[in-house]
Amino acid sequence: MASKGVMADGLRVMSSYFKRSWSYVKDETVAAVRFDTGWKQEMPICEFKKVEDLEDWIVGSDADIGGLSEAYWGMTPQRTAYFWGTISTKIPENAKIDRSGYAGVRSQQRPLTLFHRPRYDTTLFRYLAVRARGDARQWFVNLQTDSLYPSYLWQHRMYFQTPGEWEVVMIPFRDFVLTSHGYVQKRQIAMDRSKIKTVGFSIVRQPGDFGIEIDWIKAVNTPRTLGDYDILAPGEYIGRDGSLRKLKPGQSLTDALGSRIRIWPDHTPATTASKPSQPAAAAPSPAPPSPGTPSPQTPTRNATGNETIEKP
């Protein structure tokens, strides 16, 4: 009987494995056919619809290494995730730790498929958005990507403007800071936003009870953003100071930005002579060069086919 149960569990695991692989192939094929690189408003990362969704997360605290903090992870009757507990900065006697007082929760990596381990590609989105309600404490949002160093973590602080009320907190991906073992790294490197594998929340050295309720986590754009690019309406431009401005009536981009700014494509009309041009007479064919006379050089062309390049 035991062997049959093991066999049944193995078949369920294999079935789930091949279903994930087929789903991955289908999604990637559809994206390739549609050349799916355009604007999207959002991409879900984590949602909590059932208790099983909580099993994809890992809870940790200093209690794992001998501390006294407590951390718990559960689901509310409203189908939202709830992370709560108590932070203690006290170090127990005879404990082999130098500091204490932290707790955190993070998602596990996405399940393996036949081809690879999926990641979240957020390059076409500007913000990490979290719908949550929490206390008045300082929280950290943590992102982990594929890296040579497993301790690398990109973090950003998170505060709630109205503690106890639902808020949607939006953090630009480019504002996350590289840390390792809780310390900000002196040499900052850009986060690989195409290979985000985990997202989490933590609280550090703030004694007392804590709690945060989470509805969902998404990568999002506003109607005016496409990743790190801004989408401008007709008549708008970015000034030299980086602020959004609007053209005045009758003003062109060249007028607003200055004559040294080249606008592409260049629709500036060609300069014409003051007198009407007359049909040019046919030029006589050049005589063949005499022996010893060098041939004229062929004008070089750039990638656009132009024979010369005008400097601004």
# chains A, B, ... in the order shown; residues from 1 in each chain; ligands from 1
>>> residues_around(residues="segment 145-162 of chain A", least_positions_apart="2", cutoff="10 Å", atoms="only C-alpha atoms", output="MDAnalysis selection string")
chainID A and resid 119:120 130 132:143 164:173 175:185 189:203
>>> atom_distance(atom1="atom CA of Gln144 of chain A", atom2="atom CA of Pro223 of chain A")
27.2 Å
>>> residues_around(residues="Gly235 of chain A", least_positions_apart="3", cutoff="9 Å", atoms="only C-alpha atoms", output="list in words")
Leu232, Arg245, Lys246, Leu247, Lys248, Ser252 and Leu253 of chain A
>>> atom_distance(atom1="atom CA of Tyr82 of chain A", atom2="atom CA of Asp53 of chain A")
12.2 Å
